[in-house]
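Student: Sharing query_4.txt (compact mmCIF, C-alpha atoms) below.
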```txt
# COMPACT_ATOMS: atom_id res chain seq x y z
CA MET A 34 0.00 0.00 0.00
CA VAL A 35 1.39 3.37 -1.03
CA GLY A 36 1.70 5.84 1.82
CA LEU A 37 0.61 9.48 1.85
CA ARG A 38 4.19 10.73 1.54
CA GLU A 39 4.82 8.63 -1.57
CA ARG A 40 1.56 9.76 -3.16
CA LYS A 41 2.44 13.41 -2.60
CA LYS A 42 5.87 12.92 -4.11
CA GLU A 43 4.36 11.30 -7.17
CA GLU A 44 1.81 14.09 -7.50
CA THR A 45 4.62 16.65 -7.33
CA ARG A 46 6.62 14.80 -9.96
CA ARG A 47 3.62 14.67 -12.28
CA ARG A 48 2.83 18.34 -11.74
CA ILE A 49 6.39 19.36 -12.58
CA ALA A 50 6.40 17.19 -15.71
CA ALA A 51 2.99 18.43 -16.86
CA SER A 52 3.98 22.06 -16.36
CA ALA A 53 7.24 21.56 -18.23
CA TRP A 54 5.62 19.84 -21.20
CA ARG A 55 2.93 22.51 -21.47
CA LEU A 56 5.65 25.16 -21.72
CA PHE A 57 7.77 23.09 -24.10
CA ALA A 58 4.81 22.55 -26.42
CA GLU A 59 3.97 26.25 -26.41
CA ARG A 60 7.47 27.69 -26.87
CA GLY A 61 9.96 24.93 -27.61
CA PHE A 62 12.48 23.26 -25.32
CA GLU A 63 15.31 25.79 -25.65
CA ALA A 64 13.08 28.81 -24.95
CA VAL A 65 11.89 27.54 -21.55
CA THR A 66 13.99 27.98 -18.40
CA VAL A 67 14.10 25.80 -15.31
CA ASN A 68 12.94 28.79 -13.24
CA GLU A 69 9.84 29.11 -15.40
CA ILE A 70 9.05 25.42 -15.01
CA ALA A 71 9.42 25.62 -11.23
CA GLU A 72 7.20 28.68 -11.08
CA ALA A 73 4.52 27.07 -13.23
CA ALA A 74 4.60 23.91 -11.09
CA GLN A 75 4.59 25.99 -7.88
CA VAL A 76 7.71 24.37 -6.48
CA ALA A 77 11.15 25.63 -5.55
CA LYS A 78 13.93 25.22 -8.09
CA ALA A 79 15.76 22.96 -5.65
CA THR A 80 12.67 20.77 -5.38
CA LEU A 81 12.48 20.46 -9.15
CA PHE A 82 16.11 19.34 -9.30
CA SER A 83 15.47 16.75 -6.59
CA TYR A 84 13.08 15.05 -9.03
CA PHE A 85 14.79 15.86 -12.32
CA PRO A 86 18.56 16.54 -12.23
CA THR A 87 18.55 18.34 -15.59
CA LYS A 88 16.05 19.97 -17.90
CA GLU A 89 16.90 17.31 -20.49
CA SER A 90 16.10 14.48 -18.09
CA LEU A 91 12.69 16.03 -17.50
CA ALA A 92 11.98 16.16 -21.23
CA LEU A 93 13.30 12.69 -22.05
CA GLN A 94 11.37 10.55 -19.58
CA GLY A 95 10.85 7.15 -21.19
CA VAL A 96 13.43 7.62 -23.95
CA GLY A 97 15.81 4.66 -24.10
CA ASP A 98 13.77 2.78 -21.50
CA ASP A 99 13.60 -0.45 -23.51
CA ASP A 100 15.84 -2.75 -21.50
CA LEU A 101 17.48 -4.57 -24.39
CA ALA A 102 20.16 -6.01 -22.14
CA GLY A 103 17.55 -7.26 -19.68
CA ILE A 104 15.56 -8.89 -22.48
CA VAL A 105 18.69 -10.72 -23.62
CA THR A 106 19.81 -11.92 -20.19
CA GLY A 107 16.27 -12.76 -19.04
CA ARG A 108 15.12 -14.66 -22.12
CA ALA A 109 13.63 -18.14 -21.82
CA PRO A 110 15.96 -21.14 -22.11
CA GLY A 111 16.34 -22.17 -25.73
CA SER A 112 15.32 -18.76 -27.06
CA THR A 113 17.81 -16.91 -29.23
CA VAL A 114 18.75 -13.28 -28.66
CA LEU A 115 16.97 -12.11 -31.81
CA ALA A 116 13.86 -14.20 -31.11
CA ALA A 117 13.52 -12.66 -27.65
CA LEU A 118 13.98 -9.11 -28.96
CA ARG A 119 11.59 -9.72 -31.87
CA ALA A 120 8.90 -10.96 -29.47
CA HIS A 121 9.34 -7.86 -27.29
CA PHE A 122 8.95 -5.37 -30.13
CA ARG A 123 6.21 -7.41 -31.80
CA ALA A 124 4.21 -7.16 -28.57
CA LEU A 125 4.82 -3.41 -28.34
CA ALA A 126 3.58 -2.90 -31.89
CA ALA A 127 0.49 -5.04 -31.34
CA GLY A 128 -0.46 -3.69 -27.92
CA PRO A 129 -2.41 -0.53 -27.11
CA MET A 130 -0.69 2.76 -26.36
CA THR A 131 -0.97 3.21 -22.61
CA GLY A 132 0.03 5.91 -20.15
CA LEU A 133 -0.21 8.87 -22.54
CA ASP A 134 -2.96 10.52 -24.53
CA PRO A 135 -2.03 10.20 -28.25
CA GLU A 136 -2.17 13.98 -28.72
CA VAL A 137 0.17 14.50 -25.78
CA LEU A 138 2.55 11.89 -27.18
CA VAL A 139 2.58 13.56 -30.60
CA SER A 140 3.26 16.92 -28.96
CA ARG A 141 6.22 15.50 -27.06
CA VAL A 142 7.63 13.82 -30.14
CA ARG A 143 7.54 17.11 -32.03
CA VAL A 144 9.29 18.95 -29.21
CA ILE A 145 12.11 16.38 -29.19
CA PHE A 146 12.51 16.33 -32.96
CA ASP A 147 12.60 20.14 -33.10
CA SER A 148 15.28 20.49 -30.41
CA PRO A 149 18.99 19.97 -31.23
CA ALA A 150 19.76 19.73 -27.50
CA LEU A 151 17.19 16.99 -26.96
CA SER A 152 18.29 15.14 -30.09
CA ASN A 153 21.87 15.09 -28.75
CA ALA A 154 20.70 13.98 -25.31
CA THR A 155 18.62 11.23 -26.92
CA ASN A 156 21.68 9.97 -28.81
CA SER A 157 23.59 9.82 -25.53
CA LEU A 158 20.87 7.74 -23.87
CA LEU A 159 20.72 5.37 -26.84
CA TYR A 160 24.51 5.00 -26.76
CA GLN A 161 24.28 3.90 -23.13
CA GLN A 162 21.56 1.43 -24.10
CA ARG A 163 23.81 0.00 -26.83
CA GLN A 164 26.76 -0.32 -24.45
CA GLN A 165 24.61 -2.22 -21.95
CA LEU A 166 23.42 -4.56 -24.70
CA ALA A 167 27.01 -5.22 -25.77
CA GLN A 168 27.92 -6.11 -22.19
CA ALA A 169 24.99 -8.54 -22.02
CA LEU A 170 26.07 -10.21 -25.27
CA THR A 171 29.78 -10.47 -24.41
CA PRO A 172 29.63 -13.74 -22.40
CA GLU A 173 28.08 -15.51 -25.39
CA LEU A 174 29.79 -13.81 -28.32
CA GLY A 175 33.05 -12.40 -27.01
CA GLU A 176 33.78 -8.69 -26.76
CA ARG A 177 34.41 -7.77 -30.40
CA ALA A 178 31.46 -9.70 -31.81
CA ALA A 179 29.20 -8.42 -29.01
CA VAL A 180 30.04 -4.78 -29.80
CA LEU A 181 29.28 -5.27 -33.50
CA ALA A 182 26.10 -7.26 -32.86
CA ALA A 183 24.85 -4.66 -30.38
CA ALA A 184 25.50 -1.90 -32.91
CA GLN A 185 23.47 -3.67 -35.59
CA ILE A 186 20.58 -4.49 -33.26
CA SER A 187 20.50 -1.01 -31.75
CA ALA A 188 20.55 0.67 -35.16
CA SER A 189 17.55 -1.38 -36.25
CA VAL A 190 15.64 -0.65 -33.05
CA VAL A 191 16.32 3.09 -33.26
CA THR A 192 15.20 3.14 -36.89
CA LEU A 193 11.97 1.34 -35.99
CA GLN A 194 11.21 3.76 -33.18
CA GLU A 195 12.13 6.86 -35.15
CA GLY A 196 9.92 5.80 -38.05
CA PHE A 197 7.00 5.18 -35.71
CA PHE A 198 7.31 8.54 -33.97
CA ARG A 199 7.92 10.41 -37.23
CA ARG A 200 4.67 9.04 -38.61
CA LEU A 201 2.80 10.12 -35.48
CA ALA A 202 4.32 13.59 -35.72
CA ASP A 203 3.29 13.79 -39.39
CA GLY A 204 -0.34 13.04 -38.54
CA THR A 205 -0.65 9.29 -39.03
CA SER A 206 -3.24 7.78 -36.70
CA PRO A 207 -1.86 5.71 -33.79
CA ALA A 208 -3.56 2.58 -35.13
CA ASP A 209 -2.02 2.97 -38.59
CA ALA A 210 1.38 3.86 -37.11
CA ARG A 211 1.31 0.70 -34.96
CA ALA A 212 0.32 -1.44 -37.93
CA ARG A 213 3.22 -0.09 -39.96
CA LEU A 214 5.55 -0.60 -37.00
CA GLY A 215 4.45 -4.23 -36.75
CA GLU A 216 5.34 -4.83 -40.40
CA GLU A 217 8.71 -3.15 -40.02
CA VAL A 218 9.54 -5.11 -36.84
CA GLU A 219 9.20 -8.35 -38.81
CA LEU A 220 11.26 -7.02 -41.72
CA ALA A 221 13.99 -5.64 -39.45
CA PHE A 222 14.42 -8.86 -37.51
CA ASP A 223 14.29 -10.96 -40.68
CA LEU A 224 17.20 -8.90 -41.99
CA LEU A 225 19.08 -9.24 -38.70
CA THR A 226 18.44 -13.00 -38.64
CA HIS A 227 19.27 -13.82 -42.25
CA GLY A 228 21.75 -11.07 -43.06
CA LEU A 229 22.18 -8.96 -46.18
CA GLY A 230 24.17 -11.44 -48.27
CA GLY A 231 21.57 -11.58 -51.04
CA LEU A 232 20.74 -7.88 -51.02
CA GLY A 233 20.68 -6.35 -54.50
CA ARG A 234 20.75 -9.68 -56.36
CA HIS A 235 18.13 -10.04 -59.09
CA ASP A 236 17.44 -12.06 -62.25
CA GLY A 237 20.16 -14.52 -61.36
CA HIS A 238 22.94 -11.95 -61.73
CA ASP A 239 24.87 -10.06 -59.13
CA GLY A 240 26.90 -6.90 -59.24
CA HIS A 241 30.18 -8.79 -59.69
CA GLN A 242 28.93 -10.46 -62.86
CA ASP A 243 27.65 -7.16 -64.20
CA GLY A 244 31.06 -5.63 -63.50
CA HIS A 245 32.84 -8.41 -65.43
CA ASP A 246 30.47 -7.94 -68.37
CA GLN A 247 31.21 -4.20 -68.37
CA ASP A 248 34.96 -4.85 -68.27
CA ARG A 249 34.68 -7.13 -71.30
CA HIS A 250 32.58 -4.54 -73.11
CA ASP A 251 35.10 -1.77 -72.36
CA GLY A 252 37.95 -3.96 -73.56
CA HIS A 253 36.16 -4.67 -76.82
CA ASP A 254 35.63 -0.93 -77.40
CA GLN A 255 39.33 -0.27 -76.83
CA ASP A 256 40.27 -2.96 -79.37
CA VAL A 257 37.92 -1.42 -81.93
CA GLN A 258 39.45 2.03 -81.36
CA ARG A 259 43.00 0.71 -81.79
CA ASN A 260 42.03 -1.03 -85.02
CA GLN A 261 40.45 2.16 -86.35
CA ARG A 262 43.58 4.18 -85.60
CA GLY A 263 45.70 1.59 -87.41
CA GLN A 264 43.68 1.82 -90.63
```
Starting from the file, give its structure as structure tokens.
Tutor:
Amino acid sequence: MVGLRERKKEETRRRIAASAWRLFAERGFEAVTVNEIAEAAQVAKATLFSYFPTKESLALQGVGDDDLAGIVTGRAPGSTVLAALRAHFRALAAGPMTGLDPEVLVSRVRVIFDSPALSNATNSLLYQQRQQLAQALTPELGERAAVLAAAQISASVVTLQEGFFRRLADGTSPADARARLGEEVELAFDLLTHGLGGLGRHDGHDGHQDGHDQDRHDGHDQDVQRNQRGQ
């Protein structure tokens, strides 16, 4: 049972966050000061910092919260790394959006996309997430392979999330954005699972064969030119 003190602390946290996001949506992240947020939330600046150590941390609640390392280390026996991660993101795409009104979510996404400072802070959080994933993979893959695997997985995950939020910001309905995300989750993890070895191959020919054909064609042209000069 949550005590009165804990409930008041949570109410204060929510009030600070709501006040901050209202100001961010109205004026943009960079234009709002911490003093203005504290005043709007009716708390002291020191109180605000006791809940949120930086203005960026206030704005980026939830960003990078997917515990990729935890999914890997906590997966069921017999399940591969990619199967566990695919199941996690498949469930996210299929499930309802909870915790935030869609309009509020879209507003927050636009604030983050429009702010260079928040974009940089987001990249830092995602880098930490990738490092944690690499550490989780190291016992199974070794350090070098784990770093490379984590980079590939993280890049795919970030691309999936960015595409989803971009579509929301551009006006796509949440239902349609989730449906598209579900399709892209399957495609992304198929590519991770099977690799890109056959990428670009079509009609039974690959780029190497085309290159050899071009070399032969160029050589024939040069022979013709030499013959013409000799006549």
Student: Once you count only C-alpha atoms, what closest atom pair and distance in Å to one decimal does each residue of region 67-115 of chain A within 8 Å of region 143-167 of chain A have, with rows by chain and rising residue number, as a Markdown table?
Tutor:
```
| residue | atom | partner | partner_atom | distance |
| --- | --- | --- | --- | --- |
| A:Glu89 | CA | A:Leu151 | CA | 6.5 |
| A:Ala92 | CA | A:Leu151 | CA | 7.8 |
| A:Leu93 | CA | A:Thr155 | CA | 7.4 |
| A:Val96 | CA | A:Thr155 | CA | 7.0 |
| A:Gly97 | CA | A:Leu159 | CA | 5.7 |
| A:Asp100 | CA | A:Gln162 | CA | 7.5 |
| A:Leu101 | CA | A:Leu166 | CA | 5.9 |
| A:Ala102 | CA | A:Leu166 | CA | 4.4 |
| A:Val105 | CA | A:Leu166 | CA | 7.8 |
```
Student: Given the choices A:Leu232, A:Ala64, A:Leu224, A:Val190, which gets closest to Phe122 (chain A) if the distance is worked out from all atoms listed in the file?
Tutor: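 The shortest atom-to-atom distance to Phe122 (chain A) comes from A:Val190.
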Student: Looking at only C-alpha atoms, which of A:Ile49, A:Leu37, A:Ile186, A:Ala202 is the one that sits closest to Glu136 (chain A)?
Tutor: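 Result for the nearest residue to Glu136 (chain A): A:Ala202.
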Student: May I ask for the distance between CA of Arg213 (chain A) and CA of Arg200 (chain A), given in Å to one decimal place?
Tutor: 9.3 Å
Student: So what do you get for CA of Gly228 (chain A) versus CA of Ala182 (chain A), distance-wise?
Tutor: 11.7 Å
Student: What does the distance between CA of Ala127 (chain A) and CA of Leu214 (chain A) come to in Å, to one decimal place?
Tutor: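 Between CA of Ala127 (chain A) and CA of Leu214 (chain A) the gap is 8.8 Å.
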Student: Name the closest residue to Ala179 (chain A) among the candidates A:Val114, A:Val139, A:Gly231, A:Gly128; distances are taken between atoms, counting only C-alpha atoms.
Tutor: A:Val114
Student: Counting all atoms listed in the file, figure out which residue out of A:Thr205, A:Lys41, A:Thr171, A:Arg141 gets nearest to Gln94 (chain A).
Tutor: A:Arg141
Student: For the point (27.4, -9.5, -33.3) in file coordinates, what residues are within 12 Å, counting only C-alpha atoms? Give the answer as an NGL selection string?
Tutor: :A and (114-115 or 166-187 or 225-226 or 228)
Student: So that I have them on file, write out the residues from the current selection with C-alpha atoms, as a PDB file, keeping the file's coordinate frame.
Tutor:
```pdb
ATOM      1  CA  VAL A 114      18.750 -13.280 -28.660  1.00  0.00           C
ATOM      2  CA  LEU A 115      16.970 -12.110 -31.810  1.00  0.00           C
ATOM      3  CA  LEU A 166      23.420  -4.560 -24.700  1.00  0.00           C
ATOM      4  CA  ALA A 167      27.010  -5.220 -25.770  1.00  0.00           C
ATOM      5  CA  GLN A 168      27.920  -6.110 -22.190  1.00  0.00           C
ATOM      6  CA  ALA A 169      24.990  -8.540 -22.020  1.00  0.00           C
ATOM      7  CA  LEU A 170      26.070 -10.210 -25.270  1.00  0.00           C
ATOM      8  CA  THR A 171      29.780 -10.470 -24.410  1.00  0.00           C
ATOM      9  CA  PRO A 172      29.630 -13.740 -22.400  1.00  0.00           C
ATOM     10  CA  GLU A 173      28.080 -15.510 -25.390  1.00  0.00           C
ATOM     11  CA  LEU A 174      29.790 -13.810 -28.320  1.00  0.00           C
ATOM     12  CA  GLY A 175      33.050 -12.400 -27.010  1.00  0.00           C
ATOM     13  CA  GLU A 176      33.780  -8.690 -26.760  1.00  0.00           C
ATOM     14  CA  ARG A 177      34.410  -7.770 -30.400  1.00  0.00           C
ATOM     15  CA  ALA A 178      31.460  -9.700 -31.810  1.00  0.00           C
ATOM     16  CA  ALA A 179      29.200  -8.420 -29.010  1.00  0.00           C
ATOM     17  CA  VAL A 180      30.040  -4.780 -29.800  1.00  0.00           C
ATOM     18  CA  LEU A 181      29.280  -5.270 -33.500  1.00  0.00           C
ATOM     19  CA  ALA A 182      26.100  -7.260 -32.860  1.00  0.00           C
ATOM     20  CA  ALA A 183      24.850  -4.660 -30.380  1.00  0.00           C
ATOM     21  CA  ALA A 184      25.500  -1.900 -32.910  1.00  0.00           C
ATOM     22  CA  GLN A 185      23.470  -3.670 -35.590  1.00  0.00           C
ATOM     23  CA  ILE A 186      20.580  -4.490 -33.260  1.00  0.00           C
ATOM     24  CA  SER A 187      20.500  -1.010 -31.750  1.00  0.00           C
ATOM     25  CA  LEU A 225      19.080  -9.240 -38.700  1.00  0.00           C
ATOM     26  CA  THR A 226      18.440 -13.000 -38.640  1.00  0.00           C
ATOM     27  CA  GLY A 228      21.750 -11.070 -43.060  1.00  0.00           C
TER      28      GLY A 228
END
```
Student: Please determine, counting only C-alpha atoms, which residue among A:Glu59, A:Asp98, A:Glu72, A:Glu195 has the shortest atom-to-atom distance to Ala210 (chain A).
Tutor: A:Glu195
Student: Taking only C-alpha atoms into account, name the residue in A:Pro129, A:Ser52, A:Ala58, A:Val191 that is nearest to Asp99 (chain A).
Tutor: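 Comparing A:Pro129, A:Ser52, A:Ala58, A:Val191 against Asp99 (chain A), the winner is A:Val191.
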Student: Missing atoms in region 120-131 of chain A need filling: write out all heavy atoms for it as a compact mmCIF listing (two decimals), in the coordinates of the input.
Tutor:
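Everything below was put into rebuild_15.txt:
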```
# COMPACT_ATOMS: atom_id res chain seq x y z
N ALA A 120 10.15 -10.78 -30.21
CA ALA A 120 8.90 -10.96 -29.47
C ALA A 120 8.56 -9.71 -28.66
O ALA A 120 7.38 -9.32 -28.57
CB ALA A 120 9.02 -12.18 -28.55
N HIS A 121 9.58 -9.08 -28.08
CA HIS A 121 9.34 -7.86 -27.29
C HIS A 121 8.77 -6.75 -28.16
O HIS A 121 7.75 -6.14 -27.82
CB HIS A 121 10.65 -7.40 -26.65
CG HIS A 121 10.58 -6.06 -26.00
ND1 HIS A 121 10.00 -5.86 -24.77
CD2 HIS A 121 11.02 -4.84 -26.41
CE1 HIS A 121 10.07 -4.58 -24.45
NE2 HIS A 121 10.68 -3.94 -25.43
N PHE A 122 9.40 -6.48 -29.29
CA PHE A 122 8.95 -5.37 -30.13
C PHE A 122 7.68 -5.72 -30.91
O PHE A 122 6.88 -4.84 -31.22
CB PHE A 122 10.08 -4.92 -31.06
CG PHE A 122 11.15 -4.17 -30.33
CD1 PHE A 122 12.34 -4.79 -29.99
CD2 PHE A 122 10.94 -2.87 -29.92
CE1 PHE A 122 13.31 -4.11 -29.28
CE2 PHE A 122 11.91 -2.18 -29.21
CZ PHE A 122 13.10 -2.80 -28.89
N ARG A 123 7.47 -6.98 -31.18
CA ARG A 123 6.21 -7.41 -31.80
C ARG A 123 5.05 -7.13 -30.85
O ARG A 123 3.99 -6.65 -31.26
CB ARG A 123 6.29 -8.90 -32.13
CG ARG A 123 5.04 -9.47 -32.78
CD ARG A 123 5.20 -10.97 -32.93
NE ARG A 123 6.08 -11.32 -34.03
CZ ARG A 123 6.62 -12.53 -34.19
NH1 ARG A 123 6.41 -13.47 -33.28
NH2 ARG A 123 7.38 -12.79 -35.24
N ALA A 124 5.26 -7.42 -29.56
CA ALA A 124 4.21 -7.16 -28.57
C ALA A 124 3.95 -5.67 -28.41
O ALA A 124 2.80 -5.24 -28.25
CB ALA A 124 4.61 -7.78 -27.22
N LEU A 125 5.01 -4.86 -28.44
CA LEU A 125 4.82 -3.41 -28.34
C LEU A 125 4.01 -2.88 -29.51
O LEU A 125 3.13 -2.02 -29.33
CB LEU A 125 6.18 -2.71 -28.31
CG LEU A 125 6.98 -2.77 -27.00
CD1 LEU A 125 8.28 -2.00 -27.16
CD2 LEU A 125 6.18 -2.21 -25.84
N ALA A 126 4.30 -3.37 -30.71
CA ALA A 126 3.58 -2.90 -31.89
C ALA A 126 2.12 -3.33 -31.87
O ALA A 126 1.23 -2.59 -32.32
CB ALA A 126 4.26 -3.42 -33.15
N ALA A 127 1.85 -4.50 -31.33
CA ALA A 127 0.49 -5.04 -31.34
C ALA A 127 -0.36 -4.51 -30.19
O ALA A 127 -1.59 -4.45 -30.30
CB ALA A 127 0.53 -6.57 -31.27
N GLY A 128 0.28 -4.10 -29.10
CA GLY A 128 -0.46 -3.69 -27.92
C GLY A 128 -0.96 -2.26 -28.01
O GLY A 128 -0.53 -1.48 -28.85
N PRO A 129 -1.88 -1.90 -27.12
CA PRO A 129 -2.41 -0.53 -27.11
C PRO A 129 -1.39 0.45 -26.54
O PRO A 129 -0.50 0.07 -25.79
CB PRO A 129 -3.62 -0.64 -26.18
CG PRO A 129 -3.28 -1.76 -25.25
CD PRO A 129 -2.49 -2.74 -26.08
N MET A 130 -1.53 1.71 -26.92
CA MET A 130 -0.69 2.76 -26.36
C MET A 130 -1.27 3.13 -24.99
O MET A 130 -2.41 3.58 -24.90
CB MET A 130 -0.67 3.98 -27.28
CG MET A 130 -0.01 3.71 -28.61
SD MET A 130 -0.16 5.08 -29.77
CE MET A 130 0.73 6.37 -28.90
N THR A 131 -0.48 2.95 -23.97
CA THR A 131 -0.97 3.21 -22.61
C THR A 131 -0.12 4.28 -21.95
O THR A 131 1.04 4.48 -22.31
CB THR A 131 -0.91 1.93 -21.76
OG1 THR A 131 0.44 1.45 -21.72
CG2 THR A 131 -1.81 0.85 -22.34
```
